[in-house]
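What's in entry-v1.csv: CSV, C-alpha atoms
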chain,number,residue,atom,x,y,z
C,1,MET,CA,197.4,80.5,186.6
C,2,LYS,CA,197.9,81.2,190.3
C,3,LYS,CA,200.5,79.1,192.0
C,4,TYR,CA,199.5,77.9,195.4
C,5,GLN,CA,202.1,77.4,198.1
C,6,ARG,CA,201.8,74.1,199.8
C,7,SER,CA,201.4,74.2,203.6
C,8,HIS,CA,203.9,72.5,205.8
C,9,GLU,CA,201.1,71.8,208.3
C,10,PRO,CA,200.2,68.2,207.3
C,11,ILE,CA,203.8,67.0,207.8
C,12,VAL,CA,204.2,68.9,211.1
C,13,TRP,CA,200.9,67.8,212.3
C,14,SER,CA,201.5,64.1,211.6
C,15,LEU,CA,204.8,64.3,213.5
C,16,PHE,CA,203.0,66.1,216.3
C,17,GLY,CA,200.2,63.4,216.3
C,18,GLY,CA,202.6,60.5,216.2
C,19,GLY,CA,204.7,62.0,219.0
C,20,GLY,CA,201.6,62.6,221.1
C,21,MET,CA,200.7,58.9,220.6
C,22,VAL,CA,204.2,57.8,221.7
C,23,ALA,CA,204.2,60.2,224.6
C,24,ALA,CA,200.8,59.0,225.8
C,25,PHE,CA,201.2,55.2,225.4
C,26,LEU,CA,204.9,54.7,226.1
C,27,LEU,CA,206.4,57.6,228.0
C,28,PRO,CA,204.7,57.2,231.4
C,29,ALA,CA,206.0,53.6,231.8
C,30,LEU,CA,209.4,54.6,230.4
C,31,ILE,CA,209.8,57.5,232.7
C,32,LEU,CA,208.8,55.4,235.7
C,33,ALA,CA,211.3,52.6,234.7
C,34,THR,CA,214.4,54.6,233.7
C,35,GLY,CA,213.9,57.6,235.9
C,36,ILE,CA,212.4,56.3,239.1
C,37,ILE,CA,212.4,52.5,239.6
C,38,ALA,CA,215.8,51.7,238.1
C,39,PRO,CA,217.7,54.6,239.8
C,40,LEU,CA,216.1,53.6,243.2
C,41,GLY,CA,217.5,50.1,242.6
C,42,LEU,CA,214.1,48.5,242.7
C,43,GLY,CA,214.4,46.6,239.4
C,44,ASN,CA,216.6,43.8,238.2
C,45,PRO,CA,220.2,45.3,238.4
C,46,TRP,CA,221.0,43.8,235.0
C,47,SER,CA,218.0,45.4,233.3
C,48,LEU,CA,219.7,48.6,232.1
C,49,SER,CA,223.2,47.1,232.0
C,50,PHE,CA,225.6,48.3,229.2
C,51,HIS,CA,225.8,45.1,227.3
C,52,ARG,CA,222.0,44.5,227.3
C,53,VAL,CA,221.2,48.0,226.1
C,54,LEU,CA,224.0,48.0,223.6
C,55,ALA,CA,222.8,44.7,222.1
C,56,PHE,CA,219.3,46.1,222.0
C,57,SER,CA,220.4,49.3,220.2
C,58,GLN,CA,222.3,47.2,217.6
C,59,THR,CA,219.3,45.3,216.4
C,60,TRP,CA,217.4,47.0,213.6
C,61,TRP,CA,214.1,47.0,215.5
C,62,GLY,CA,215.7,48.2,218.7
C,63,ALA,CA,217.3,51.1,216.8
C,64,LEU,CA,214.0,51.9,215.1
C,65,LEU,CA,212.2,51.8,218.5
C,66,ILE,CA,214.8,54.1,220.1
C,67,LEU,CA,214.6,56.6,217.2
C,68,THR,CA,210.8,56.6,217.4
C,69,ILE,CA,210.7,57.1,221.1
C,70,ILE,CA,213.2,60.0,221.0
C,71,ALA,CA,212.4,61.7,217.8
C,72,LEU,CA,208.6,61.7,217.6
C,73,PRO,CA,207.9,63.2,221.1
C,74,LEU,CA,210.6,65.8,220.3
C,75,PHE,CA,208.5,67.0,217.3
C,76,HIS,CA,205.4,66.8,219.5
C,77,ALA,CA,207.0,69.0,222.1
C,78,ALA,CA,208.4,71.4,219.4
C,79,HIS,CA,204.8,71.9,218.0
C,80,ARG,CA,203.3,72.6,221.4
C,81,ILE,CA,206.2,74.9,222.5
C,82,TYR,CA,205.9,76.8,219.2
C,83,HIS,CA,202.2,77.5,219.7
C,84,GLY,CA,202.5,77.8,223.5
C,85,LEU,CA,205.1,80.6,223.2
C,86,HIS,CA,202.8,82.4,220.8
C,87,ASP,CA,200.0,82.0,223.4
C,88,LEU,CA,202.2,83.4,226.1
C,89,HIS,CA,203.0,86.5,224.0
C,90,ILE,CA,206.6,85.4,223.7
C,91,ARG,CA,206.7,86.3,220.0
C,92,GLY,CA,209.4,86.7,217.4
C,93,PRO,CA,209.7,86.6,213.7
C,94,LYS,CA,207.9,83.5,212.4
C,95,PRO,CA,210.9,82.0,210.5
C,96,LEU,CA,213.1,82.4,213.6
C,97,MET,CA,210.5,80.7,215.9
C,98,LEU,CA,209.9,77.9,213.4
C,99,THR,CA,213.7,77.4,213.1
C,100,ILE,CA,214.2,77.3,216.9
C,101,CYS,CA,211.3,74.8,217.5
C,102,TYR,CA,211.1,72.5,214.5
C,103,GLY,CA,214.8,73.0,213.6
C,104,GLY,CA,215.7,72.1,217.2
C,105,ALA,CA,213.6,68.9,217.0
C,106,SER,CA,215.1,68.0,213.6
C,107,LEU,CA,218.7,68.6,214.9
C,108,LEU,CA,218.2,66.4,218.0
C,109,SER,CA,216.5,63.7,215.9
C,110,GLY,CA,219.4,63.8,213.5
C,111,LEU,CA,221.8,63.3,216.4
C,112,ALA,CA,219.8,60.3,217.6
C,113,LEU,CA,220.0,58.8,214.2
C,114,TYR,CA,223.8,59.6,214.0
C,115,TRP,CA,224.5,57.9,217.4
C,116,LEU,CA,222.4,54.9,216.4
C,117,ILE,CA,224.5,54.5,213.2
C,118,VAL,CA,227.7,54.9,215.3
C,119,LEU,CA,226.4,52.1,217.6
C,120,ALA,CA,225.4,49.9,214.7
C,121,THR,CA,228.9,50.1,213.2
C,122,GLN,CA,230.5,49.2,216.5
C,123,PRO,CA,231.5,45.5,217.0
C,124,ILE,CA,228.7,43.6,218.7
C,125,GLY,CA,229.0,43.2,222.5
C,126,SER,CA,232.0,44.5,224.4
C,127,GLY,CA,233.9,46.1,221.5
C,128,ILE,CA,233.5,49.7,222.6
C,129,ALA,CA,234.4,49.0,226.2
C,130,LEU,CA,237.8,47.7,225.1
C,131,ARG,CA,238.4,50.7,222.9
C,132,VAL,CA,238.0,53.2,225.7
C,133,GLY,CA,240.6,51.3,227.7
C,134,TYR,CA,238.2,49.6,230.0
Z,1,MET,CA,198.7,110.3,210.9
Z,2,ASN,CA,197.8,106.9,209.6
Z,3,ALA,CA,194.3,106.8,208.1
Z,4,ARG,CA,194.0,103.1,208.9
Z,5,LYS,CA,192.6,102.2,212.3
Z,6,PRO,CA,193.4,98.5,212.6
Z,7,TYR,CA,191.7,96.7,215.4
Z,8,SER,CA,194.4,95.6,217.8
Z,9,ILE,CA,193.8,92.8,220.1
Z,10,THR,CA,194.4,93.7,223.7
Z,11,GLN,CA,195.0,90.3,225.3
Z,12,ARG,CA,197.2,90.3,228.3
Z,13,PRO,CA,200.0,87.7,228.7
Z,14,GLY,CA,198.4,86.3,231.8
Z,15,TRP,CA,195.0,85.7,230.1
Z,16,TRP,CA,195.1,82.0,230.8
Z,17,LEU,CA,195.4,82.5,234.6
Z,18,HIS,CA,191.9,83.9,235.1
Z,19,ASN,CA,189.8,81.1,233.6
Z,20,SER,CA,190.1,77.5,234.8
Z,21,PHE,CA,189.5,76.1,231.3
Z,22,PHE,CA,192.3,78.1,229.8
Z,23,PHE,CA,194.5,77.3,232.8
Z,24,TRP,CA,194.2,73.5,232.3
Z,25,TYR,CA,194.6,74.1,228.6
Z,26,MET,CA,198.0,75.8,229.1
Z,27,LEU,CA,199.0,73.2,231.7
Z,28,ARG,CA,198.3,70.5,229.0
Z,29,GLU,CA,200.5,72.4,226.6
Z,30,ALA,CA,203.2,72.7,229.3
Z,31,THR,CA,203.4,68.9,229.7
Z,32,SER,CA,205.3,69.0,226.4
Z,33,LEU,CA,208.2,70.7,228.2
Z,34,PHE,CA,208.7,67.6,230.3
Z,35,VAL,CA,208.2,65.3,227.3
Z,36,GLY,CA,210.9,67.2,225.4
Z,37,LEU,CA,213.3,67.3,228.3
Z,38,TYR,CA,212.9,63.6,229.0
Z,39,CYS,CA,213.7,62.8,225.3
Z,40,VAL,CA,216.8,65.0,225.6
Z,41,ILE,CA,217.8,62.9,228.7
Z,42,LEU,CA,217.2,59.7,226.7
Z,43,LEU,CA,219.3,61.2,223.8
Z,44,THR,CA,222.1,61.9,226.3
Z,45,GLY,CA,221.9,58.3,227.3
Z,46,LEU,CA,222.2,57.2,223.7
Z,47,TYR,CA,225.3,59.4,223.3
Z,48,ARG,CA,226.8,58.0,226.5
Z,49,LEU,CA,226.0,54.5,225.3
Z,50,SER,CA,227.9,55.2,222.0
Z,51,GLN,CA,231.0,56.3,224.1
Z,52,GLY,CA,231.3,52.9,226.0
Z,53,GLU,CA,230.6,51.2,229.2
Z,54,ILE,CA,232.2,53.7,231.6
Z,55,ALA,CA,230.3,56.6,230.0
Z,56,TRP,CA,227.0,54.6,230.1
Z,57,ASN,CA,227.4,53.7,233.8
Z,58,SER,CA,228.1,57.3,234.7
Z,59,TRP,CA,224.9,58.3,232.9
Z,60,LEU,CA,223.0,55.7,235.0
Z,61,THR,CA,224.7,57.1,238.1
Z,62,SER,CA,223.6,60.6,237.2
Z,63,LEU,CA,220.0,59.4,237.1
Z,64,THR,CA,220.2,58.5,240.8
Z,65,HIS,CA,220.7,62.1,241.9
Z,66,PRO,CA,217.7,63.3,244.0
Z,67,ALA,CA,217.2,66.2,241.6
Z,68,SER,CA,216.9,63.7,238.7
Z,69,ILE,CA,214.4,61.5,240.6
Z,70,ALA,CA,212.4,64.6,241.5
Z,71,PHE,CA,212.4,65.7,237.8
Z,72,HIS,CA,211.2,62.3,236.7
Z,73,CYS,CA,208.4,62.3,239.2
Z,74,LEU,CA,207.2,65.6,237.8
Z,75,ALA,CA,207.7,64.3,234.3
Z,76,LEU,CA,205.7,61.2,235.1
Z,77,MET,CA,202.8,63.3,236.3
Z,78,ALA,CA,203.1,65.5,233.2
Z,79,ALA,CA,203.1,62.4,230.9
Z,80,LEU,CA,200.1,61.0,232.6
Z,81,TYR,CA,198.2,64.2,232.3
Z,82,HIS,CA,199.1,64.3,228.7
Z,83,ALA,CA,197.8,60.8,228.3
Z,84,VAL,CA,194.5,61.6,230.0
Z,85,THR,CA,193.9,64.6,227.7
Z,86,TRP,CA,195.2,62.9,224.6
Z,87,PHE,CA,192.9,59.9,225.0
Z,88,LYS,CA,190.0,62.2,225.5
Z,89,LEU,CA,190.9,64.1,222.3
Z,90,ALA,CA,191.6,61.2,220.0
Z,91,PRO,CA,187.9,60.0,219.6
Z,92,LYS,CA,186.9,63.5,218.7
Z,93,ILE,CA,189.7,63.9,216.1
Z,94,MET,CA,189.4,60.4,214.6
Z,95,VAL,CA,185.8,59.3,214.2
Z,96,VAL,CA,185.7,55.7,213.2
Z,97,ARG,CA,182.8,54.9,210.8
Z,98,LEU,CA,181.9,51.7,209.1
Z,99,GLY,CA,178.9,52.3,206.9
Z,100,ASP,CA,176.2,53.7,209.1
Z,101,TRP,CA,177.8,52.5,212.2
Z,102,THR,CA,180.0,54.8,214.3
Z,103,LEU,CA,182.4,53.6,217.0
Z,104,PRO,CA,181.1,55.1,220.2
Z,105,GLN,CA,183.6,57.6,221.7
Z,106,LYS,CA,183.4,55.9,225.1
Z,107,SER,CA,184.5,52.5,223.6
Z,108,MET,CA,187.4,54.2,221.9
Z,109,LEU,CA,188.4,55.9,225.2
Z,110,VAL,CA,188.3,52.5,227.0
Z,111,GLY,CA,190.2,50.8,224.2
Z,112,GLN,CA,193.0,53.4,224.4
Z,113,TRP,CA,193.3,52.8,228.2
Z,114,LEU,CA,193.5,49.1,227.6
Z,115,ILE,CA,196.3,49.6,225.0
Z,116,PHE,CA,198.0,51.9,227.5
Z,117,ALA,CA,197.8,49.2,230.2
Z,118,VAL,CA,199.2,46.5,227.9
Z,119,CYS,CA,202.0,48.9,226.7
Z,120,SER,CA,202.9,50.0,230.2
Z,121,ILE,CA,202.9,46.6,231.9
Z,122,SER,CA,204.9,44.9,229.1
Z,123,LEU,CA,207.4,47.8,229.0
Z,124,LEU,CA,208.0,47.8,232.7
Z,125,PHE,CA,208.3,44.0,232.7
Z,126,VAL,CA,210.8,43.9,229.8
Z,127,LEU,CA,212.8,46.9,231.1
Z,128,LEU,CA,213.0,46.0,234.7
Z,129,TRP,CA,212.4,42.3,235.4
Z,130,ILE,CA,213.7,40.4,232.5
Z,131,GLY,CA,217.5,40.3,232.3
Z,132,LYS,CA,220.6,38.2,232.6
Output the structure of this file as structure tokens.
Amino acid sequence: MKKYQRSHEPIVWSLFGGGGMVAAFLLPALILATGIIAPLGLGNPWSLSFHRVLAFSQTWWGALLILTIIALPLFHAAHRIYHGLHDLHIRGPKPLMLTICYGGASLLSGLALYWLIVLATQPIGSGIALRVGY
Amino acid sequence: MNARKPYSITQRPGWWLHNSFFFWYMLREATSLFVGLYCVILLTGLYRLSQGEIAWNSWLTSLTHPASIAFHCLALMAALYHAVTWFKLAPKIMVVRLGDWTLPQKSMLVGQWLIFAVCSISLLFVLLWIGK
């Protein structure tokens, strides 16, 4: 009996689709808030304060939201960059290109998860600030 | 000499520049560069947050650099263009059927923009105007 090799496409495409959703629904407002309004000093000065963001990142739902917002659009971008490079005739061996694009997205998502775990294991509130000699 | 005469595609690398449909298609694909870079910026912020208050504040200061604000303006336009094209695509990919009835593509498009508005307003409100 012939053995069929399963395609990785459904997994990759769901990550791409999910990332596209996050990028379309959440990123415009997030970019506007963290990259333009807050740096220009137009928002509430406490809005992105250390303790507030730290407390948010230490709740399970906050951590999940941060991971979703960072990881899914990374896979979305990896998918489009992988196919876009092919379209632009910037071509290399397929395993290499797959490793660079999806491997890169996996690595960065893994780092996000790692730092969220680091944050979750820190004492709630001002614990870290004291440790770095603040 | 090789007996095979495989057909080789002679597509030039600049093929997408000569046709407006392909140009906008490639521009849509290019929005992902900004999406990816913005996520890397957020990831840097997460790393700085894990290092403590001084590191976090220096990350916030780096975002006030004019080059950073210029980048975020471009990224905002890219994300909005992505949203426009994504919302147009979704009703074609996910056709919602209930028995004989099909959800009109136009209502799905409007629905997505409504969700977008609710998400954006609540995000901006929570991120910028609720605080200590």
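Between Leu60 (chain Z) and the residues C:His8, C:Phe50, C:Leu26, C:Lys3, the shortest atom-to-atom distance, using all atoms listed in the file, involves C:Phe50.
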Can you work out which residues from chain Z touch chain C at a cut-off of 6 Å (counting only C-alpha atoms) and hand them back as an mmCIF file with C-alpha atoms, keeping the file's coordinate frame?
data_model
loop_
_atom_site.group_PDB
_atom_site.id
_atom_site.type_symbol
_atom_site.label_atom_id
_atom_site.label_comp_id
_atom_site.auth_asym_id
_atom_site.auth_seq_id
_atom_site.Cartn_x
_atom_site.Cartn_y
_atom_site.Cartn_z
ATOM 1 C CA PRO Z 13 200.000 87.700 228.700
ATOM 2 C CA GLU Z 29 200.500 72.400 226.600
ATOM 3 C CA SER Z 32 205.300 69.000 226.400
ATOM 4 C CA GLY Z 36 210.900 67.200 225.400
ATOM 5 C CA CYS Z 39 213.700 62.800 225.300
ATOM 6 C CA SER Z 50 227.900 55.200 222.000
ATOM 7 C CA GLY Z 52 231.300 52.900 226.000
ATOM 8 C CA GLU Z 53 230.600 51.200 229.200
ATOM 9 C CA LEU Z 63 220.000 59.400 237.100
ATOM 10 C CA THR Z 64 220.200 58.500 240.800
ATOM 11 C CA ILE Z 69 214.400 61.500 240.600
ATOM 12 C CA HIS Z 72 211.200 62.300 236.700
ATOM 13 C CA LEU Z 76 205.700 61.200 235.100
ATOM 14 C CA ALA Z 79 203.100 62.400 230.900
ATOM 15 C CA ALA Z 83 197.800 60.800 228.300
ATOM 16 C CA PHE Z 116 198.000 51.900 227.500
ATOM 17 C CA SER Z 120 202.900 50.000 230.200
ATOM 18 C CA LEU Z 127 212.800 46.900 231.100
ATOM 19 C CA LEU Z 128 213.000 46.000 234.700
ATOM 20 C CA TRP Z 129 212.400 42.300 235.400
ATOM 21 C CA GLY Z 131 217.500 40.300 232.300
#
Worksheet item: What does the distance from CA of Thr121 (chain C) to CA of Gln58 (chain C) come to in Å, to one decimal?
Response: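 Pair CA of Thr121 (chain C) / CA of Gln58 (chain C) returns 8.4 Å.
Between CA of Phe22 (chain Z) and CA of Tyr7 (chain Z) there is a distance of 23.5 Å.
Proximity of Z:Tyr81, Z:Ala117, Z:Ser62, Z:Phe125 to Phe34 (chain Z), computed with all atoms listed in the file, is greatest for Z:Tyr81.
The space between CA of Trp113 (chain Z) and CA of Thr85 (chain Z) spans 11.8 Å.
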